[in-house]
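Enquirer: Have a peek at final.txt (compact mmCIF, C-alpha atoms).
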# COMPACT_ATOMS: atom_id res chain seq x y z
CA GLY A 1 -47.70 -70.66 1.58
CA ASN A 2 -48.98 -67.22 0.75
CA SER A 3 -47.17 -64.71 -1.38
CA VAL A 4 -47.71 -61.00 -1.93
CA THR A 5 -46.70 -58.70 -4.76
CA GLN A 6 -46.70 -54.97 -4.22
CA MET A 7 -45.72 -52.24 -6.61
CA GLU A 8 -42.16 -51.14 -6.15
CA GLY A 9 -41.45 -47.79 -4.68
CA PRO A 10 -40.72 -45.20 -3.93
CA VAL A 11 -43.93 -43.58 -5.04
CA THR A 12 -43.49 -39.83 -5.07
CA LEU A 13 -46.57 -37.61 -5.17
CA SER A 14 -47.43 -34.00 -4.61
CA GLU A 15 -49.76 -33.08 -1.79
CA GLU A 16 -53.45 -33.59 -2.65
CA ALA A 17 -52.65 -36.06 -5.43
CA PHE A 18 -54.52 -39.36 -5.83
CA LEU A 19 -52.77 -42.46 -4.53
CA THR A 20 -52.97 -46.06 -5.65
CA ILE A 21 -50.68 -48.78 -4.36
CA ASN A 22 -51.28 -52.10 -6.06
CA CYS A 23 -51.30 -55.38 -4.18
CA THR A 24 -51.97 -58.87 -5.49
CA TYR A 25 -51.61 -62.06 -3.55
CA THR A 26 -51.78 -65.83 -3.72
CA ALA A 27 -53.36 -67.69 -0.84
CA THR A 28 -55.25 -70.80 0.06
CA GLY A 29 -58.93 -70.06 0.50
CA TYR A 30 -60.17 -66.57 1.22
CA PRO A 31 -58.11 -65.06 3.99
CA SER A 32 -58.60 -61.72 5.65
CA LEU A 33 -56.57 -58.97 4.03
CA PHE A 34 -54.73 -56.16 5.77
CA TRP A 35 -52.83 -52.98 5.01
CA TYR A 36 -50.23 -51.84 7.51
CA VAL A 37 -48.32 -48.56 7.61
CA GLN A 38 -44.84 -47.99 9.01
CA TYR A 39 -43.77 -44.44 9.82
CA PRO A 40 -40.03 -43.72 10.08
CA GLY A 41 -38.45 -45.27 13.16
CA GLU A 42 -41.67 -46.97 14.26
CA GLY A 43 -43.29 -50.37 14.15
CA LEU A 44 -46.10 -51.35 11.83
CA GLN A 45 -49.61 -50.11 12.54
CA LEU A 46 -52.81 -51.57 11.19
CA LEU A 47 -54.29 -49.19 8.64
CA LEU A 48 -57.34 -51.12 7.46
CA LYS A 49 -58.63 -54.60 6.84
CA ALA A 50 -61.28 -56.58 4.94
CA THR A 51 -62.46 -60.01 5.94
CA LYS A 52 -64.44 -61.26 2.96
CA ALA A 53 -64.94 -60.75 -0.76
CA ASP A 54 -66.23 -57.32 -1.82
CA ASP A 55 -65.65 -55.88 1.66
CA LYS A 56 -64.17 -52.40 1.66
CA GLY A 57 -61.80 -51.49 4.44
CA SER A 58 -61.31 -47.81 5.19
CA ASN A 59 -59.46 -45.61 7.63
CA LYS A 60 -57.99 -42.08 7.63
CA GLY A 61 -59.16 -41.51 4.06
CA PHE A 62 -57.54 -44.72 2.78
CA GLU A 63 -59.64 -47.45 1.20
CA ALA A 64 -59.09 -50.94 -0.19
CA THR A 65 -61.59 -53.43 -1.60
CA TYR A 66 -61.27 -57.21 -1.34
CA ARG A 67 -61.36 -58.45 -4.94
CA LYS A 68 -61.65 -62.23 -4.92
CA GLU A 69 -61.72 -62.58 -8.72
CA THR A 70 -58.43 -60.78 -9.23
CA THR A 71 -56.92 -61.66 -5.81
CA SER A 72 -56.14 -58.01 -5.30
CA PHE A 73 -56.41 -55.50 -2.49
CA HIS A 74 -55.25 -52.17 -3.90
CA LEU A 75 -54.85 -49.23 -1.52
CA GLU A 76 -56.26 -45.84 -2.55
CA LYS A 77 -56.53 -42.36 -1.15
CA GLY A 78 -58.14 -39.45 -2.89
CA SER A 79 -55.89 -36.68 -1.57
CA VAL A 80 -52.57 -37.47 0.11
CA GLN A 81 -50.87 -35.31 2.71
CA VAL A 82 -47.22 -34.91 3.62
CA SER A 83 -47.98 -36.76 6.85
CA ASP A 84 -48.92 -39.86 4.81
CA SER A 85 -45.26 -40.35 3.87
CA ALA A 86 -44.44 -43.83 5.13
CA VAL A 87 -43.97 -47.42 4.00
CA TYR A 88 -47.17 -49.35 3.27
CA PHE A 89 -47.44 -53.12 3.54
CA CYS A 90 -50.10 -55.41 2.12
CA ALA A 91 -50.64 -58.60 4.15
CA PRO A 92 -53.01 -61.51 3.59
CA GLY A 93 -53.71 -63.82 6.49
CA ASP A 94 -52.34 -67.34 6.40
CA PRO A 95 -54.73 -69.66 8.25
CA GLY A 96 -52.39 -72.61 8.01
CA ARG A 97 -49.63 -70.80 9.81
CA ARG A 98 -51.74 -68.46 11.94
CA ALA A 99 -49.71 -65.52 10.76
CA LEU A 100 -49.63 -62.73 8.22
CA THR A 101 -47.49 -62.77 5.10
CA PHE A 102 -46.12 -59.34 4.28
CA GLY A 103 -45.27 -57.86 0.93
CA SER A 104 -42.01 -56.03 0.41
CA GLY A 105 -43.60 -52.70 1.26
CA THR A 106 -44.07 -49.59 -0.86
CA ARG A 107 -42.49 -46.35 0.24
CA LEU A 108 -44.66 -43.29 -0.30
CA GLN A 109 -43.11 -39.84 -0.36
CA VAL A 110 -45.48 -36.88 -0.45
CA GLN A 111 -43.99 -33.52 -1.32
CA PRO A 112 -45.54 -30.22 -0.27
CA ASP B 1 -49.59 -47.91 28.48
CA THR B 2 -47.41 -49.35 25.71
CA ALA B 3 -49.18 -52.37 24.23
CA VAL B 4 -46.18 -54.24 22.82
CA SER B 5 -42.81 -53.19 24.16
CA GLN B 6 -39.39 -54.36 23.10
CA THR B 7 -36.02 -53.77 24.68
CA PRO B 8 -33.52 -52.61 23.77
CA LYS B 9 -34.43 -50.20 20.98
CA TYR B 10 -30.89 -50.24 19.64
CA LEU B 11 -28.29 -52.95 19.99
CA VAL B 12 -24.76 -52.62 18.64
CA THR B 13 -22.44 -55.55 19.18
CA GLN B 14 -19.50 -57.38 17.68
CA MET B 15 -19.45 -60.56 15.68
CA GLY B 16 -19.41 -63.69 17.77
CA ASN B 17 -21.23 -62.21 20.75
CA ASP B 18 -24.48 -63.53 22.23
CA LYS B 19 -27.37 -61.13 22.77
CA SER B 20 -31.03 -61.16 23.76
CA ILE B 21 -34.03 -59.05 22.85
CA LYS B 22 -37.03 -58.96 25.14
CA CYS B 23 -40.69 -58.46 24.30
CA GLU B 24 -43.73 -57.99 26.48
CA GLN B 25 -47.37 -57.38 25.60
CA ASN B 26 -50.12 -56.20 27.93
CA LEU B 27 -53.01 -56.77 25.53
CA GLY B 28 -53.97 -60.18 26.85
CA HIS B 29 -53.12 -61.78 23.50
CA ASP B 30 -52.29 -65.45 23.33
CA THR B 31 -50.05 -65.43 20.25
CA MET B 32 -46.72 -63.67 19.84
CA TYR B 33 -44.31 -63.38 16.94
CA TRP B 34 -40.84 -62.37 15.90
CA TYR B 35 -40.37 -60.81 12.48
CA LYS B 36 -37.11 -59.72 10.88
CA GLN B 37 -37.00 -56.64 8.62
CA ASP B 38 -34.02 -56.26 6.35
CA SER B 39 -32.52 -53.08 4.95
CA LYS B 40 -34.97 -53.16 2.03
CA LYS B 41 -37.91 -53.23 4.44
CA PHE B 42 -38.80 -56.82 3.60
CA LEU B 43 -40.54 -58.44 6.58
CA LYS B 44 -40.08 -62.13 7.21
CA ILE B 45 -41.63 -64.15 10.00
CA MET B 46 -39.20 -66.06 12.18
CA PHE B 47 -41.18 -67.60 15.03
CA SER B 48 -44.59 -67.59 16.63
CA TYR B 49 -45.84 -68.87 19.96
CA ASN B 50 -49.40 -69.58 21.04
CA ASN B 51 -49.89 -69.89 24.79
CA LYS B 52 -46.18 -70.62 25.23
CA GLU B 53 -46.22 -73.31 22.54
CA LEU B 54 -44.01 -72.91 19.46
CA ILE B 55 -46.26 -72.74 16.39
CA ILE B 56 -44.06 -71.38 13.62
CA ASN B 57 -40.36 -72.00 13.29
CA GLU B 58 -39.27 -70.78 9.89
CA THR B 59 -35.98 -71.59 8.27
CA VAL B 60 -33.91 -69.64 10.72
CA PRO B 61 -30.37 -70.55 11.84
CA ASN B 62 -30.43 -72.45 15.11
CA ARG B 63 -28.30 -69.66 16.57
CA PHE B 64 -31.69 -67.98 17.05
CA SER B 65 -33.68 -69.35 19.95
CA PRO B 66 -37.02 -67.94 21.12
CA LYS B 67 -38.22 -68.40 24.67
CA SER B 68 -41.69 -67.73 26.02
CA PRO B 69 -41.81 -67.86 29.83
CA ASP B 70 -45.51 -66.95 29.75
CA LYS B 71 -47.99 -65.84 27.15
CA ALA B 72 -47.23 -62.16 27.74
CA HIS B 73 -43.51 -62.50 27.02
CA LEU B 74 -41.48 -63.70 24.06
CA ASN B 75 -37.74 -63.24 24.11
CA LEU B 76 -35.23 -63.83 21.33
CA HIS B 77 -31.73 -65.02 22.06
CA ILE B 78 -29.08 -64.95 19.36
CA ASN B 79 -25.79 -66.82 19.68
CA SER B 80 -22.57 -66.19 17.78
CA LEU B 81 -23.83 -63.09 16.03
CA GLU B 82 -22.90 -62.60 12.37
CA LEU B 83 -22.80 -59.52 10.16
CA GLY B 84 -25.85 -60.78 8.27
CA ASP B 85 -27.92 -60.70 11.43
CA SER B 86 -27.97 -56.92 11.27
CA ALA B 87 -31.61 -55.94 10.82
CA VAL B 88 -34.61 -54.59 12.68
CA TYR B 89 -36.40 -57.23 14.72
CA PHE B 90 -40.07 -56.73 15.46
CA CYS B 91 -42.14 -58.42 18.09
CA ALA B 92 -45.89 -58.66 17.51
CA SER B 93 -48.93 -60.14 19.20
CA ALA B 94 -52.46 -61.16 18.25
CA SER B 95 -55.51 -62.66 19.92
CA GLN B 96 -57.51 -65.85 19.64
CA GLY B 97 -54.69 -68.05 18.47
CA SER B 98 -55.62 -67.64 14.82
CA SER B 99 -54.29 -64.29 13.79
CA TYR B 100 -55.10 -64.70 10.14
CA ASN B 101 -58.34 -62.88 10.90
CA SER B 102 -57.00 -60.83 13.75
CA PRO B 103 -54.66 -57.91 13.26
CA LEU B 104 -51.14 -58.03 14.63
CA HIS B 105 -49.97 -55.42 17.08
CA PHE B 106 -46.30 -54.55 16.64
CA GLY B 107 -43.63 -53.25 18.93
CA ASN B 108 -41.39 -50.41 17.76
CA GLY B 109 -38.57 -52.73 16.81
CA THR B 110 -35.02 -53.42 17.89
CA ARG B 111 -32.34 -52.27 15.49
CA LEU B 112 -29.48 -54.75 15.72
CA THR B 113 -26.12 -53.77 14.25
CA VAL B 114 -23.36 -56.33 14.19
CA THR B 115 -19.87 -54.98 13.54
Go ahead and express the file in the form of structure tokens.

Expert:
Amino acid sequence: GNSVTQMEGPVTLSEEAFLTINCTYTATGYPSLFWYVQYPGEGLQLLLKATKADDKGSNKGFEATYRKETTSFHLEKGSVQVSDSAVYFCAPGDPGRRALTFGSGTRLQVQP
Amino acid sequence: DTAVSQTPKYLVTQMGNDKSIKCEQNLGHDTMYWYKQDSKKFLKIMFSYNNKELIINETVPNRFSPKSPDKAHLNLHINSLELGDSAVYFCASASQGSSYNSPLHFGNGTRLTVT
């Protein structure tokens, strides 16, 4: 089955700093790739996705590019806000199981 | 208007009890899931149903039994609760039966505490 490796958190940044959260995965074939965000006390919400190699997913200032060669899908944002403080999950699709495999999540803390 | 709703939001119970968590989605999706999130935020799939048919049944103790009366509902019943069952349980749904290309929509979770 799939596996996902995310950088360990927490990641602590000051407001307006640049964010990168690394994600690499192993999967059969070329699945769709997703980033989800979980705010405190809430469920996971889809942040962005990419469905094929070299696609760039983007939403709310966040971006991630599907890198087939390095099996990576790193999340970036040019200028983080306090409201971005949350846990971020990388998740490749798993066609064989019709499900998503989640990484362990990376907690982001943005300080004013 | 809630797309995926779970009840209850919090569940505190004693070891050995039997409890159920209910989930309903009004998105018209045909696939539903249960995920377990531990205290370190690690998310692990437990079960999935497609059109009331069990698709995924991970290595989960048989004290856990999912039931899908129709494709809009997926309930989770847990027998003989143990301390290690304490976690947040998330219900999710997706469309088209092959969610690997479709995003999952999550409920807000049920925090289960076993004392």

Enquirer: From the list B:Val4, B:Ser20, B:Asn26, B:Ser39, which residue is nearest Arg63 (chain B) when using all atoms listed in the file?

Expert: B:Ser20

Enquirer: Distance table requested - chain A against chain B, cut-off 10 Å, only C-alpha atoms: one row per qualifying residue with the closest atom pair and its distance in Å to one decimal, ordered by chain and rising residue number, as a Markdown table.

Expert:
| residue | atom | partner | partner_atom | distance |
| --- | --- | --- | --- | --- |
| A:Pro31 | CA | B:Tyr100 | CA | 6.9 |
| A:Ser32 | CA | B:Asn101 | CA | 5.4 |
| A:Leu33 | CA | B:Asn101 | CA | 8.1 |
| A:Phe34 | CA | B:Pro103 | CA | 7.7 |
| A:Trp35 | CA | B:Pro103 | CA | 9.8 |
| A:Tyr36 | CA | B:Pro103 | CA | 9.5 |
| A:Gln38 | CA | B:Asn108 | CA | 9.7 |
| A:Gly41 | CA | B:Asn108 | CA | 7.5 |
| A:Glu42 | CA | B:Asn108 | CA | 4.9 |
| A:Gly43 | CA | B:Asn108 | CA | 4.1 |
| A:Leu44 | CA | B:Phe106 | CA | 5.8 |
| A:Gln45 | CA | B:Phe106 | CA | 6.9 |
| A:Leu46 | CA | B:Pro103 | CA | 6.9 |
| A:Leu47 | CA | B:Pro103 | CA | 9.9 |
| A:Leu48 | CA | B:Pro103 | CA | 9.3 |
| A:Lys49 | CA | B:Pro103 | CA | 8.2 |
| A:Ala50 | CA | B:Asn101 | CA | 9.2 |
| A:Thr51 | CA | B:Asn101 | CA | 7.1 |
| A:Val87 | CA | B:Lys41 | CA | 8.4 |
| A:Phe89 | CA | B:Leu43 | CA | 9.2 |
| A:Ala91 | CA | B:Tyr100 | CA | 9.6 |
| A:Pro92 | CA | B:Tyr100 | CA | 7.6 |
| A:Gly93 | CA | B:Tyr100 | CA | 4.0 |
| A:Asp94 | CA | B:Tyr100 | CA | 5.3 |
| A:Pro95 | CA | B:Tyr100 | CA | 5.3 |
| A:Gly96 | CA | B:Tyr100 | CA | 8.6 |
| A:Arg97 | CA | B:Ile56 | CA | 6.8 |
| A:Arg98 | CA | B:Ser98 | CA | 4.9 |
| A:Ala99 | CA | B:Tyr100 | CA | 5.5 |
| A:Leu100 | CA | B:Tyr100 | CA | 6.1 |
| A:Thr101 | CA | B:Lys44 | CA | 7.7 |
| A:Phe102 | CA | B:Leu43 | CA | 6.1 |
| A:Gly103 | CA | B:Phe42 | CA | 7.1 |
| A:Ser104 | CA | B:Phe42 | CA | 4.6 |
| A:Gly105 | CA | B:Lys41 | CA | 6.5 |
| A:Thr106 | CA | B:Lys41 | CA | 8.9 |
| A:Arg107 | CA | B:Lys41 | CA | 9.3 |

Enquirer: Just to confirm, what's the straight-line distance from CA of Phe18 (chain A) to CA of Glu63 (chain A) in Å (one decimal)?

Expert: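 We find that CA of Phe18 (chain A) and CA of Glu63 (chain A) lie 11.9 Å from each other.
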
Enquirer: Do you know which residues are at most 10 Å from Lys67 (chain B) counting all atoms listed in the file, after dropping those on the same chain fewer than 5 positions away, and could you put them as a PDB file with C-alpha atoms, keeping the file's coordinate frame?

Expert:
ATOM      1  CA  LYS B  22     -37.030 -58.960  25.140  1.00  0.00           C
ATOM      2  CA  TYR B  49     -45.840 -68.870  19.960  1.00  0.00           C
ATOM      3  CA  LYS B  52     -46.180 -70.620  25.230  1.00  0.00           C
ATOM      4  CA  GLU B  53     -46.220 -73.310  22.540  1.00  0.00           C
ATOM      5  CA  LEU B  54     -44.010 -72.910  19.460  1.00  0.00           C
ATOM      6  CA  HIS B  73     -43.510 -62.500  27.020  1.00  0.00           C
ATOM      7  CA  LEU B  74     -41.480 -63.700  24.060  1.00  0.00           C
ATOM      8  CA  ASN B  75     -37.740 -63.240  24.110  1.00  0.00           C
ATOM      9  CA  LEU B  76     -35.230 -63.830  21.330  1.00  0.00           C
ATOM     10  CA  HIS B  77     -31.730 -65.020  22.060  1.00  0.00           C
TER      11      HIS B  77
END

Enquirer: Kindly extract all protein, DNA and RNA residues lying within 6 Å of the coordinates (-50.2, -61.8, 28.8) given in the file, considering only C-alpha atoms, and supply them as number ranges by chain.

Expert: B: 26, 28, 71-72

Enquirer: Restricting the calculation to only C-alpha atoms, which member of B:Thr13, B:Gln6, B:Gln25, B:Asn79 is positioned closest to Val114 (chain B)?

Expert: B:Thr13

Enquirer: Excluding Glu82 (chain B) and residues on its chain fewer than 3 positions from it, collect all residues at most 7 Å away from it, counting all atoms listed in the file, and give them as a ChimeraX atom specification.

Expert: /B:15-16,85,114

Enquirer: In Å to one decimal, how far is CA of Gln6 (chain A) from CA of Ile21 (chain A)?

Expert: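 Between CA of Ile21 (chain A) and CA of Gln6 (chain A) the gap works out to 7.4 Å.
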
Enquirer: Please determine, counting all atoms listed in the file, which residue among B:Asp30, B:Leu81, B:Ser86, B:Glu24 has the shortest atom-to-atom distance to Ala3 (chain B).

Expert: B:Glu24

Enquirer: How far is it from CA of Ser95 (chain B) to CA of Asn2 (chain A), in Å with one decimal?

Expert: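 If I compute the distance from CA of Ser95 (chain B) to CA of Asn2 (chain A), I get 20.8 Å.
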
Enquirer: Would you mind telling me which residue in A:Tyr66, A:His74, A:Gly61, A:Asp55 lies nearest to Glu16 (chain A) when using all atoms listed in the file?

Expert: A:Gly61

Enquirer: Assuming 8 Å of padding per side, give the centre and edge lengths of the axis-aligned box around every listed atom of region 29-33 of chain B, in Å to one decimal and as JSON.

Expert:
{"center_x": -48.7, "center_y": -63.6, "center_z": 20.2, "size_x": 24.8, "size_y": 19.7, "size_z": 22.6}

Enquirer: Using all atoms listed in the file - which residues lie no farther than 10 Å from the point (-55.8, -40.6, -3.8) in the file's frame? Write them as number ranges by chain.

Expert: A: 13, 15-21, 61-63, 75-81

Enquirer: Output requested as a CSV table (one decimal), keeping the file's coordinate frame - region 39-64 of chain B, filled out with N, CA, C and O atoms.

Expert:
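Now in out25.csv:
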chain,number,residue,atom,x,y,z
B,39,SER,N,-32.8,-54.5,5.3
B,39,SER,CA,-32.5,-53.1,5.0
B,39,SER,C,-33.4,-52.6,3.8
B,39,SER,O,-33.6,-51.4,3.6
B,40,LYS,N,-34.0,-53.5,3.1
B,40,LYS,CA,-35.0,-53.2,2.0
B,40,LYS,C,-36.4,-53.2,2.5
B,40,LYS,O,-37.4,-53.1,1.7
B,41,LYS,N,-36.6,-53.3,3.8
B,41,LYS,CA,-37.9,-53.2,4.4
B,41,LYS,C,-38.7,-54.5,4.3
B,41,LYS,O,-39.9,-54.6,4.7
B,42,PHE,N,-38.1,-55.6,3.7
B,42,PHE,CA,-38.8,-56.8,3.6
B,42,PHE,C,-39.0,-57.5,5.0
B,42,PHE,O,-38.0,-57.6,5.7
B,43,LEU,N,-40.2,-57.9,5.3
B,43,LEU,CA,-40.5,-58.4,6.6
B,43,LEU,C,-40.7,-59.9,6.4
B,43,LEU,O,-41.5,-60.4,5.7
B,44,LYS,N,-40.0,-60.7,7.3
B,44,LYS,CA,-40.1,-62.1,7.2
B,44,LYS,C,-40.3,-62.7,8.6
B,44,LYS,O,-39.7,-62.3,9.6
B,45,ILE,N,-41.3,-63.6,8.7
B,45,ILE,CA,-41.6,-64.2,10.0
B,45,ILE,C,-40.5,-65.1,10.4
B,45,ILE,O,-40.0,-65.8,9.5
B,46,MET,N,-40.2,-65.1,11.7
B,46,MET,CA,-39.2,-66.1,12.2
B,46,MET,C,-39.9,-67.1,13.0
B,46,MET,O,-39.7,-68.3,12.8
B,47,PHE,N,-40.6,-66.7,14.1
B,47,PHE,CA,-41.2,-67.6,15.0
B,47,PHE,C,-42.6,-67.1,15.4
B,47,PHE,O,-42.8,-65.9,15.4
B,48,SER,N,-43.4,-68.0,15.9
B,48,SER,CA,-44.6,-67.6,16.6
B,48,SER,C,-44.9,-68.6,17.7
B,48,SER,O,-44.6,-69.8,17.6
B,49,TYR,N,-45.4,-68.1,18.8
B,49,TYR,CA,-45.8,-68.9,20.0
B,49,TYR,C,-47.3,-68.6,20.3
B,49,TYR,O,-47.8,-67.5,20.2
B,50,ASN,N,-48.0,-69.7,20.6
B,50,ASN,CA,-49.4,-69.6,21.0
B,50,ASN,C,-49.5,-70.2,22.4
B,50,ASN,O,-49.2,-71.4,22.6
B,51,ASN,N,-49.8,-69.4,23.4
B,51,ASN,CA,-49.9,-69.9,24.8
B,51,ASN,C,-48.6,-70.7,25.2
B,51,ASN,O,-48.7,-71.8,25.7
B,52,LYS,N,-47.5,-70.1,24.9
B,52,LYS,CA,-46.2,-70.6,25.2
B,52,LYS,C,-45.8,-71.8,24.4
B,52,LYS,O,-44.7,-72.4,24.6
B,53,GLU,N,-46.6,-72.2,23.4
B,53,GLU,CA,-46.2,-73.3,22.5
B,53,GLU,C,-45.7,-72.8,21.2
B,53,GLU,O,-46.4,-72.0,20.6
B,54,LEU,N,-44.6,-73.3,20.7
B,54,LEU,CA,-44.0,-72.9,19.5
B,54,LEU,C,-44.9,-73.4,18.3
B,54,LEU,O,-45.2,-74.6,18.2
B,55,ILE,N,-45.4,-72.4,17.5
B,55,ILE,CA,-46.3,-72.7,16.4
B,55,ILE,C,-45.5,-72.7,15.1
B,55,ILE,O,-45.7,-73.5,14.2
B,56,ILE,N,-44.8,-71.6,14.9
B,56,ILE,CA,-44.1,-71.4,13.6
B,56,ILE,C,-42.6,-71.3,13.9
B,56,ILE,O,-42.2,-70.6,14.8
B,57,ASN,N,-41.8,-72.1,13.2
B,57,ASN,CA,-40.4,-72.0,13.3
B,57,ASN,C,-39.8,-72.0,11.9
B,57,ASN,O,-39.7,-73.1,11.3
B,58,GLU,N,-39.7,-70.9,11.3
B,58,GLU,CA,-39.3,-70.8,9.9
B,58,GLU,C,-37.8,-71.2,9.7
B,58,GLU,O,-37.1,-71.5,10.7
B,59,THR,N,-37.4,-71.2,8.5
B,59,THR,CA,-36.0,-71.6,8.3
B,59,THR,C,-35.0,-70.5,8.8
B,59,THR,O,-34.7,-69.6,8.1
B,60,VAL,N,-34.7,-70.6,10.0
B,60,VAL,CA,-33.9,-69.6,10.7
B,60,VAL,C,-32.7,-70.4,11.3
B,60,VAL,O,-32.9,-71.5,11.8
B,61,PRO,N,-31.5,-69.8,11.2
B,61,PRO,CA,-30.4,-70.6,11.8
B,61,PRO,C,-30.6,-70.9,13.3
B,61,PRO,O,-31.3,-70.1,14.0
B,62,ASN,N,-30.2,-72.1,13.7
B,62,ASN,CA,-30.4,-72.4,15.1
B,62,ASN,C,-29.6,-71.6,16.1
B,62,ASN,O,-29.7,-71.9,17.3
B,63,ARG,N,-28.9,-70.6,15.6
B,63,ARG,CA,-28.3,-69.7,16.6
B,63,ARG,C,-29.4,-68.8,17.2
B,63,ARG,O,-29.2,-68.1,18.2
B,64,PHE,N,-30.6,-68.8,16.5
B,64,PHE,CA,-31.7,-68.0,17.0
B,64,PHE,C,-32.6,-68.9,17.9
B,64,PHE,O,-33.0,-69.9,17.4
